[in-house]
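File shown: input.txt. Contents: compact mmCIF, C-alpha atoms.
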# COMPACT_ATOMS: atom_id res chain seq x y z
CA MET F 297 0.00 0.00 0.00
CA HIS F 298 1.40 3.41 -0.88
CA ARG F 299 -0.02 6.88 -1.04
CA THR F 300 -0.35 9.06 -4.13
CA LYS F 301 -1.07 12.76 -4.19
CA VAL F 302 -3.73 13.79 -6.71
CA ARG F 303 -3.78 17.46 -7.61
CA ILE F 304 -7.35 18.72 -8.06
CA VAL F 305 -7.78 22.50 -7.62
CA GLU F 306 -11.57 22.52 -7.84
CA ASP F 307 -14.06 24.71 -6.01
CA ALA F 308 -16.02 22.49 -3.65
CA LEU F 309 -19.22 24.20 -4.81
CA ASP F 310 -18.55 23.52 -8.52
CA ALA F 311 -20.85 20.50 -8.56
CA ASN F 312 -23.73 22.62 -7.20
CA ASN F 313 -22.96 25.49 -9.57
CA THR F 314 -22.98 23.16 -12.59
CA ILE F 315 -26.49 21.94 -11.71
CA ALA F 316 -27.53 25.56 -11.02
CA ARG F 317 -26.45 26.49 -14.56
CA ALA F 318 -28.49 23.59 -15.96
CA ASN F 319 -31.55 24.82 -14.01
CA ARG F 320 -30.98 28.34 -15.30
CA ALA F 321 -30.81 27.09 -18.88
CA ASP F 322 -34.11 25.22 -18.43
CA PHE F 323 -35.77 28.31 -16.91
CA ASP F 324 -34.43 30.46 -19.77
CA ARG F 325 -35.81 28.06 -22.37
CA ALA F 326 -39.22 28.28 -20.69
CA GLY F 327 -38.97 32.10 -20.61
CA VAL F 328 -39.23 32.15 -16.80
CA THR F 329 -37.31 34.62 -14.65
CA VAL F 330 -36.24 33.23 -11.29
CA VAL F 331 -35.79 35.09 -8.01
CA ASN F 332 -34.12 33.38 -5.03
CA PHE F 333 -35.86 34.89 -1.99
CA MET F 334 -33.97 34.57 1.28
CA SER F 335 -33.99 35.76 4.91
CA ALA F 336 -33.74 34.63 8.51
CA PRO F 337 -36.79 32.75 9.86
CA GLY F 338 -39.63 35.12 10.65
CA ALA F 339 -38.38 38.14 8.70
CA GLY F 340 -41.58 38.17 6.66
CA LYS F 341 -40.80 36.50 3.33
CA THR F 342 -44.20 34.85 2.98
CA SER F 343 -46.07 37.97 4.11
CA LEU F 344 -44.16 40.09 1.59
CA LEU F 345 -45.06 37.60 -1.14
CA GLU F 346 -48.72 37.56 -0.09
CA ARG F 347 -48.75 41.32 -0.64
CA VAL F 348 -47.60 41.13 -4.27
CA VAL F 349 -47.75 37.74 -6.02
CA GLY F 350 -51.35 38.04 -7.18
CA HIS F 351 -50.91 41.42 -8.83
CA VAL F 352 -47.56 42.06 -10.45
CA PRO F 353 -48.70 43.97 -13.56
CA GLY F 354 -48.36 41.88 -16.72
CA VAL F 355 -46.48 39.10 -14.96
CA ARG F 356 -47.78 35.65 -14.02
CA VAL F 357 -46.02 34.68 -10.79
CA GLY F 358 -45.45 31.17 -9.42
CA VAL F 359 -43.82 30.22 -6.13
CA LEU F 360 -41.56 27.34 -5.19
CA GLU F 361 -41.83 27.11 -1.44
CA GLY F 362 -38.82 25.67 0.36
CA ASP F 363 -39.26 24.48 3.92
CA VAL F 364 -37.70 21.87 6.13
CA GLN F 365 -41.15 20.52 6.89
CA GLY F 366 -44.83 21.14 6.26
CA SER F 367 -46.78 23.31 3.83
CA LEU F 368 -48.01 26.19 6.01
CA ASP F 369 -46.49 28.91 3.82
CA ALA F 370 -47.50 27.17 0.59
CA ASP F 371 -51.11 26.97 1.81
CA ARG F 372 -51.14 30.70 2.56
CA LEU F 373 -49.90 31.54 -0.93
CA ALA F 374 -52.12 28.99 -2.71
CA ALA F 375 -55.11 30.76 -1.14
CA LEU F 376 -54.20 33.73 -3.39
CA HIS F 377 -54.73 31.53 -6.48
CA VAL F 378 -51.14 31.54 -7.69
CA PRO F 379 -49.41 28.26 -8.59
CA VAL F 380 -47.39 27.09 -5.58
CA THR F 381 -45.12 24.05 -5.46
CA GLN F 382 -43.90 22.76 -2.12
CA LEU F 383 -40.34 21.51 -1.73
CA ASN F 384 -39.54 19.99 1.65
CA THR F 385 -35.93 19.30 2.55
CA ASP F 386 -36.88 16.94 5.36
CA PRO F 387 -37.96 13.61 3.80
CA SER F 388 -35.62 13.40 0.83
CA PHE F 389 -32.70 15.64 1.63
CA GLY F 390 -31.93 15.01 5.30
CA GLY F 391 -33.65 18.14 6.62
CA GLU F 392 -31.21 20.53 4.98
CA CYS F 393 -31.29 24.13 6.23
CA HIS F 394 -31.22 25.55 2.67
CA LEU F 395 -32.19 24.72 -0.90
CA ASP F 396 -29.46 23.70 -3.29
CA ALA F 397 -29.43 23.36 -7.08
CA ASN F 398 -30.13 19.63 -6.99
CA MET F 399 -33.23 20.02 -4.80
CA VAL F 400 -34.64 22.66 -7.16
CA ARG F 401 -33.80 20.40 -10.11
CA SER F 402 -35.82 17.60 -8.50
CA ALA F 403 -38.85 19.91 -8.42
CA LEU F 404 -38.56 21.10 -12.05
CA ALA F 405 -41.03 18.57 -13.45
CA GLU F 406 -43.71 19.75 -10.98
CA LEU F 407 -43.31 23.44 -11.80
CA PRO F 408 -45.91 24.88 -14.21
CA LEU F 409 -43.22 26.69 -16.22
CA GLY F 410 -45.54 27.12 -19.24
CA GLU F 411 -48.07 29.05 -17.15
CA ILE F 412 -45.78 31.54 -15.40
CA ASP F 413 -43.33 34.33 -16.27
CA LEU F 414 -41.69 34.72 -12.88
CA LEU F 415 -40.80 32.04 -10.35
CA VAL F 416 -40.05 33.15 -6.81
CA ILE F 417 -38.15 30.50 -4.88
CA GLU F 418 -38.78 31.09 -1.19
CA ASN F 419 -35.71 29.58 0.40
CA VAL F 420 -35.52 27.99 3.85
CA GLY F 421 -35.27 30.69 6.55
CA ASN F 422 -31.54 30.99 7.23
CA LEU F 423 -28.99 33.77 6.64
CA VAL F 424 -25.99 31.48 6.22
CA CYS F 425 -26.23 28.38 4.01
CA PRO F 426 -28.70 29.65 1.37
CA ALA F 427 -26.11 32.29 0.44
CA GLU F 428 -23.60 29.57 -0.46
CA PHE F 429 -25.77 27.55 -2.82
CA ARG F 430 -26.94 28.99 -6.14
CA VAL F 431 -30.08 27.31 -7.44
CA GLY F 432 -30.28 28.72 -10.98
CA GLU F 433 -31.68 32.15 -10.15
CA ASP F 434 -31.52 35.37 -12.21
CA ALA F 435 -31.59 37.55 -9.10
CA ARG F 436 -31.30 37.24 -5.35
CA VAL F 437 -33.47 39.17 -2.92
CA MET F 438 -33.11 39.15 0.84
CA VAL F 439 -35.33 40.43 3.64
CA SER F 440 -33.91 41.91 6.81
CA ALA F 441 -36.52 42.86 9.40
CA VAL F 442 -35.80 45.78 11.72
CA THR F 443 -36.49 43.44 14.67
CA GLU F 444 -33.29 41.55 13.79
CA GLY F 445 -30.99 44.41 14.76
CA GLU F 446 -28.70 46.69 12.76
CA ASP F 447 -25.55 44.55 12.98
CA LYS F 448 -26.76 41.71 10.71
CA PRO F 449 -24.87 42.84 7.57
CA LEU F 450 -21.61 42.56 9.50
CA LYS F 451 -22.52 39.14 10.88
CA TYR F 452 -23.79 37.65 7.62
CA PRO F 453 -21.75 39.45 4.95
CA LEU F 454 -21.99 36.69 2.35
CA MET F 455 -25.80 36.91 2.29
CA PHE F 456 -25.79 40.72 2.09
CA ARG F 457 -22.98 40.73 -0.47
CA THR F 458 -24.54 38.26 -2.88
CA CYS F 459 -28.04 39.73 -3.05
CA ASP F 460 -29.32 42.16 -5.70
CA LEU F 461 -31.94 43.79 -3.49
CA VAL F 462 -32.38 44.21 0.28
CA LEU F 463 -35.94 44.54 1.62
CA VAL F 464 -36.03 46.13 5.08
CA ASN F 465 -39.30 44.85 6.55
CA LYS F 466 -41.43 45.67 9.61
CA ILE F 467 -40.68 49.41 9.52
CA ASP F 468 -44.07 49.97 11.20
CA LEU F 469 -42.34 48.76 14.39
CA LEU F 470 -39.50 51.31 14.26
CA ALA F 471 -41.17 53.56 16.84
CA HIS F 472 -41.15 50.72 19.37
CA LEU F 473 -37.55 49.58 18.92
CA ASP F 474 -34.08 50.86 19.76
CA TYR F 475 -33.15 50.11 16.17
CA ASP F 476 -30.73 52.56 14.56
CA LEU F 477 -31.80 52.59 10.91
CA ASP F 478 -28.91 54.85 9.85
CA ARG F 479 -26.46 52.46 11.45
CA PHE F 480 -28.06 49.55 9.55
CA LEU F 481 -27.86 51.44 6.25
CA TYR F 482 -24.21 52.28 6.96
CA ASN F 483 -23.46 48.62 7.69
CA VAL F 484 -25.17 47.49 4.47
CA ASP F 485 -23.12 50.06 2.56
CA GLN F 486 -19.90 48.73 4.12
CA VAL F 487 -20.66 45.16 3.11
CA HIS F 488 -22.36 45.76 -0.27
CA PRO F 489 -21.84 49.33 -1.44
CA GLY F 490 -24.60 50.52 -3.74
CA VAL F 491 -27.00 47.57 -3.36
CA PRO F 492 -30.62 48.67 -3.97
CA LEU F 493 -32.65 48.78 -0.77
CA MET F 494 -36.34 49.28 0.04
CA LEU F 495 -38.00 50.13 3.35
CA LEU F 496 -41.40 48.51 3.74
CA SER F 497 -43.96 46.89 5.98
CA ALA F 498 -45.83 43.76 4.96
CA ARG F 499 -48.27 44.51 7.79
CA THR F 500 -49.33 48.02 6.79
CA GLY F 501 -48.51 47.73 3.10
CA GLU F 502 -46.18 50.74 3.20
CA GLY F 503 -43.58 50.51 0.46
CA VAL F 504 -44.88 47.28 -1.09
CA GLU F 505 -45.65 48.97 -4.45
CA ALA F 506 -41.92 49.49 -4.99
CA TRP F 507 -41.29 45.80 -4.26
CA ARG F 508 -44.05 44.78 -6.68
CA ASP F 509 -42.67 47.10 -9.37
CA TRP F 510 -39.16 45.75 -8.85
CA LEU F 511 -40.46 42.21 -9.53
CA ALA F 512 -42.23 43.42 -12.67
CA GLY F 513 -39.01 45.12 -13.77
CA VAL F 514 -36.78 42.12 -13.19
CA ALA F 515 -39.16 39.88 -15.14
CA ALA F 516 -39.26 42.35 -18.05
CA ARG F 517 -35.47 42.89 -18.09
CA SER F 518 -34.72 39.23 -18.09
CA HIS F 519 -37.19 38.54 -20.90
CA ALA F 520 -35.53 41.25 -22.92
CA GLY F 521 -32.33 39.22 -22.69
CA VAL F 522 -30.56 41.59 -20.32
CA PRO F 523 -29.11 39.87 -17.27
CA ALA F 524 -30.58 41.11 -14.01
CA MET Y 102 -23.31 26.13 11.02
CA HIS Y 103 -22.74 26.20 7.25
CA GLU Y 104 -19.65 24.06 7.86
CA LEU Y 105 -21.96 21.03 7.79
CA SER Y 106 -23.18 21.79 4.25
CA LEU Y 107 -19.70 22.78 3.12
CA SER Y 108 -18.05 19.64 4.48
CA GLY Y 109 -20.49 17.61 2.35
CA ALA Y 110 -19.44 19.58 -0.74
CA VAL Y 111 -15.74 19.10 0.07
CA ILE Y 112 -16.17 15.34 0.55
CA ASP Y 113 -18.19 14.97 -2.68
CA THR Y 114 -15.42 16.75 -4.59
CA ALA Y 115 -12.70 14.57 -3.05
CA VAL Y 116 -14.62 11.33 -3.66
CA LYS Y 117 -15.28 12.29 -7.27
CA HIS Y 118 -11.54 12.51 -7.91
CA ALA Y 119 -10.58 9.53 -5.76
CA ASP Y 120 -11.64 7.12 -8.47
CA GLY Y 121 -12.66 4.42 -6.00
CA ARG Y 122 -9.48 4.67 -3.91
CA ARG Y 123 -9.45 5.42 -0.19
CA VAL Y 124 -8.60 9.02 0.63
CA SER Y 125 -6.10 9.65 3.45
CA LEU Y 126 -5.70 13.43 3.18
CA VAL Y 127 -7.76 16.30 1.75
CA SER Y 128 -5.98 19.64 1.28
CA LEU Y 129 -8.34 22.58 1.18
CA ARG Y 130 -7.78 26.30 0.57
CA VAL Y 131 -10.31 28.37 2.51
CA GLY Y 132 -10.74 32.09 1.88
CA ARG Y 133 -11.38 34.34 4.87
CA LEU Y 134 -14.57 35.67 3.27
CA ARG Y 135 -16.16 32.20 3.48
CA GLN Y 136 -16.43 32.70 7.25
CA VAL Y 137 -15.51 29.10 7.88
CA VAL Y 138 -14.50 28.12 11.42
CA PRO Y 139 -11.66 25.63 10.81
CA ASP Y 140 -12.32 23.49 13.92
CA THR Y 141 -16.02 23.27 13.10
CA LEU Y 142 -15.32 22.28 9.49
CA GLU Y 143 -12.92 19.61 10.70
CA PHE Y 144 -15.51 18.30 13.16
CA TYR Y 145 -18.21 17.95 10.50
CA PHE Y 146 -15.75 16.63 7.92
CA GLU Y 147 -14.92 13.68 10.18
CA LEU Y 148 -18.62 13.04 10.78
CA VAL Y 149 -19.87 13.37 7.20
CA ALA Y 150 -16.91 11.37 5.84
CA ARG Y 151 -18.05 8.22 7.67
CA GLY Y 152 -19.16 5.57 5.22
CA THR Y 153 -17.46 7.34 2.29
CA LEU Y 154 -14.01 6.95 0.72
CA CYS Y 155 -12.93 9.87 2.92
CA GLU Y 156 -13.64 8.03 6.17
CA GLY Y 157 -10.72 8.55 8.55
CA ALA Y 158 -9.03 11.03 6.19
CA ARG Y 159 -7.23 14.07 7.58
CA LEU Y 160 -8.41 17.53 6.52
CA GLU Y 161 -5.69 20.10 5.95
CA GLN Y 162 -6.85 23.73 5.69
CA GLU Y 163 -4.84 26.61 4.31
CA LEU Y 164 -6.46 29.96 5.17
CA VAL Y 165 -6.32 32.56 2.41
CA GLY Y 166 -6.48 36.24 3.36
CA ALA Y 167 -9.16 38.54 1.94
CA ARG Y 168 -7.60 40.96 -0.55
CA LEU Y 169 -9.59 43.59 -2.42
CA ARG Y 170 -8.75 45.84 -5.36
CA CYS Y 171 -10.41 49.13 -6.16
CA GLU Y 172 -11.25 49.46 -9.85
CA ALA Y 173 -11.26 53.27 -9.62
CA CYS Y 174 -7.95 54.04 -7.91
CA GLU Y 175 -6.28 50.62 -8.27
CA ARG Y 176 -5.46 50.38 -4.60
CA GLU Y 177 -5.10 46.81 -3.35
CA TRP Y 178 -5.53 46.03 0.34
CA GLU Y 179 -6.31 43.28 2.82
CA ILE Y 180 -9.40 43.39 5.02
CA GLU Y 181 -10.13 41.93 8.44
CA LEU Y 182 -13.69 43.22 8.86
CA PRO Y 183 -16.34 42.99 6.13
CA ALA Y 184 -15.85 46.52 4.79
CA PHE Y 185 -15.87 46.59 1.01
CA ARG Y 186 -15.55 50.30 0.22
CA CYS Y 187 -12.16 51.54 -0.88
CA PRO Y 188 -10.55 53.29 2.11
CA THR Y 189 -8.64 55.62 -0.23
CA CYS Y 190 -11.24 56.95 -2.68
CA GLY Y 191 -14.49 55.60 -1.18
CA GLY Y 192 -15.16 53.69 -4.42
CA ALA Y 193 -17.73 50.89 -4.43
CA ASP Y 194 -16.47 49.08 -7.53
CA VAL Y 195 -14.22 46.68 -5.70
CA GLU Y 196 -12.93 43.35 -6.93
CA VAL Y 197 -12.20 40.45 -4.60
CA VAL Y 198 -8.66 39.36 -5.46
CA SER Y 199 -8.63 36.54 -2.92
CA GLY Y 200 -10.68 35.36 0.01
CA ASN Y 201 -13.60 33.61 -1.72
CA GLU Y 202 -11.78 30.29 -2.09
CA LEU Y 203 -13.25 26.99 -1.00
CA GLU Y 204 -10.97 24.94 -3.15
CA VAL Y 205 -9.99 21.31 -2.90
CA GLU Y 206 -6.33 21.72 -3.79
CA SER Y 207 -5.31 18.06 -3.71
CA ILE Y 208 -6.06 14.70 -2.14
CA GLU Y 209 -3.83 11.87 -1.08
CA VAL Y 210 -5.16 8.41 -2.01
CA GLU Y 211 -4.11 4.91 -1.01
CA GLU Y 212 -3.06 2.74 -3.92
CA ALA Y 213 -3.32 -1.03 -3.62
CA ALA Y 214 0.18 -2.55 -3.71
CA THR Y 215 0.09 -3.98 -7.19
CA CYS Y 216 3.70 -4.97 -7.48
CA ILE Y 217 4.95 -5.02 -11.04
CA ALA Y 218 7.53 -7.67 -10.13
CA GLN Y 219 4.78 -10.18 -9.31
CA LYS Y 220 3.33 -10.03 -12.79
Is it possible to give me this structure as structure tokens?
Amino acid sequence: MHRTKVRIVEDALDANNTIARANRADFDRAGVTVVNFMSAPGAGKTSLLERVVGHVPGVRVGVLEGDVQGSLDADRLAALHVPVTQLNTDPSFGGECHLDANMVRSALAELPLGEIDLLVIENVGNLVCPAEFRVGEDARVMVSAVTEGEDKPLKYPLMFRTCDLVLVNKIDLLAHLDYDLDRFLYNVDQVHPGVPLMLLSARTGEGVEAWRDWLAGVAARSHAGVPA
Amino acid sequence: MHELSLSGAVIDTAVKHADGRRVSLVSLRVGRLRQVVPDTLEFYFELVARGTLCEGARLEQELVGARLRCEACEREWEIELPAFRCPTCGGADVEVVSGNELEVESIEVEEAATCIAQK
């Protein structure tokens, strides 16, 4: 028995990224724009989707709902009469804390790609792992609720750095919190200078028009062949 | 916590290149921007490797510093904290020169002792 060194030099996430590119190619062929929607648990992803998915002007929206277990969020969105597909990481994928390209690939056949223009993939609530694994998206959107504190960009820089839009949710609670919004904005700017950012409240509806218009814009841009 | 997911990706990459041979060492280059805790990655690596060709293999990690380069003023600098604006000109168009690595550099595999002299 002897030992041989094998030189590899390969990114450990290459395998995931290859499948993500295959997903992206399939979505492109179907003319569907894909948004990877991420946040910590309880930041308000589902509520922010409930506010907009039924009425993005000129865009038919579908949702792929990623959860470790259950279909609570999917049921809420299905009540709005938009196509929702549930993807649970628990039974088949060992209860993973994020979606990866292979999980999304496994759900492709169930997605009504012919009936939608925009697919929002609601990732598992987590600010760490979802940032590492591309799933074939055109754009990444994250939610950071003001109840989470203003230091989150510094604690989870990969998530804040890799997203194309930051939604700051629950601003109706600002009056009740010791949250320093300017400090948060400064921290975001340190980690991802220039990233577009919207202040809104899923509860009161303040600011949700801008979020809805952004979705309409990203769908239109991507269909025009311009990368988001 | 992401060390669990990442250790799976590292092991899959090593096994793919092992070609059925047992792996005794995995050498990994880890950029500082990946926010990987080396001890935690090692812990999960040992756990996730069980039942694979990497079972019992040693994980060697080389940490790579985070270096940025400003496209506007061409300054290049190393960062400790996640601050991505150029400290010289305040520019936002900054390229990551190094620090994003999560690269399986090499593996060491055990070859069966097929002695040419016996043939």
Check: which chain Y residues lie within 7 Å of chain F using all atoms listed in the file, as an NGL selection string: :Y and (103 or 110-111 or 114 or 183-186 or 193 or 203-214)
Counting all atoms listed in the file, what is within 8 Å of Y:Val131, bar same-chain residues fewer than 6 positions away, as a JSON list (two decimals) with C-alpha atoms, keeping the file's coordinate frame?
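Output (selection_13.json):
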[["chain", "number", "residue", "atom", "x", "y", "z"],
["Y", 137, "VAL", "CA", -15.51, 29.10, 7.88],
["Y", 162, "GLN", "CA", -6.85, 23.73, 5.69],
["Y", 163, "GLU", "CA", -4.84, 26.61, 4.31],
["Y", 164, "LEU", "CA", -6.46, 29.96, 5.17],
["Y", 165, "VAL", "CA", -6.32, 32.56, 2.41],
["Y", 200, "GLY", "CA", -10.68, 35.36, 0.01],
["Y", 201, "ASN", "CA", -13.60, 33.61, -1.72],
["Y", 202, "GLU", "CA", -11.78, 30.29, -2.09],
["Y", 203, "LEU", "CA", -13.25, 26.99, -1.00],
["Y", 204, "GLU", "CA", -10.97, 24.94, -3.15]]
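For the pair atom CA of F:Asp369 and atom CA of F:Ser343, the interatomic distance is 9.1 Å.
Take atom CA of Y:Lys117 and atom CA of Y:Phe146: the distance between them is 15.8 Å.
When atom CA of F:Val464 is paired with atom CA of F:Leu493, their separation reads 7.3 Å.
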Residue nearest Y:Ala167 - candidates Y:Cys155, Y:Gly109, Y:Leu134, Y:Thr189, atoms counted: all atoms listed in the file: Y:Leu134
Counting all atoms listed in the file, give me one row per residue of stretch 342-458 of chain F with an atom at most 9 Å from an atom of stretch 505-518 of chain F, showing the shortest contact pair and its distance in Å to one decimal, sorted by chain then residue number, as CSV.
residue,atom,partner,partner_atom,distance
F:Leu344,CA,F:Trp507,CA,8.7
F:Arg347,CA,F:Arg508,CA,8.4
F:Val348,CA,F:Arg508,CA,5.6
F:Val349,CA,F:Arg508,CA,8.0
F:His351,CA,F:Arg508,CA,7.9
F:Val352,CA,F:Arg508,CA,5.8
F:Pro353,CA,F:Ala512,CA,6.6
F:Gly354,CA,F:Ala512,CA,7.5
F:Val355,CA,F:Ala512,CA,6.5
F:Asp413,CA,F:Ala515,CA,7.0
F:Leu414,CA,F:Ala515,CA,6.2
F:Asp434,CA,F:Ser518,CA,7.7
F:Ala435,CA,F:Val514,CA,8.0
F:Pro492 environment, 8 Å, all atoms listed in the file, sequence neighbours closer than 3 positions dropped, as an MDAnalysis selection string: chainID F and resid 460:462
Exercise: F:Ala321 partners within 12 Å, all atoms listed in the file, chain neighbours under 6 positions left out, as a VMD selection string: chain F and resid 314 to 315 327 to 330 401 404 431 to 434
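Among the candidates F:Pro408, F:Gly358, F:Gly340, F:Gly421, the residue lying nearest to F:Leu463 is F:Gly340 (atoms considered: all atoms listed in the file).
Close contacts of F:Leu360, defined as residues with an atom at most 7 Å away when counting all atoms listed in the file, with chain neighbours fewer than 2 positions off set aside, comprise Gly358, Gly362, Val380, Thr381, Gln382, Leu383, Val416, Ile417 and Glu418 of chain F.
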Take every atom of stretch 178-182 of chain Y listed in the file, pad by 8 Å on each side, and give me the axis-aligned box centre and edge lengths in Å, one decimal, as JSON.
{"center_x": -9.6, "center_y": 44.0, "center_z": 4.6, "size_x": 24.2, "size_y": 20.1, "size_z": 24.5}
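Using all atoms listed in the file, the nearest neighbour of Y:Cys190 within the list Y:Arg176, Y:Arg151, Y:Arg135, Y:Arg123 is Y:Arg176.
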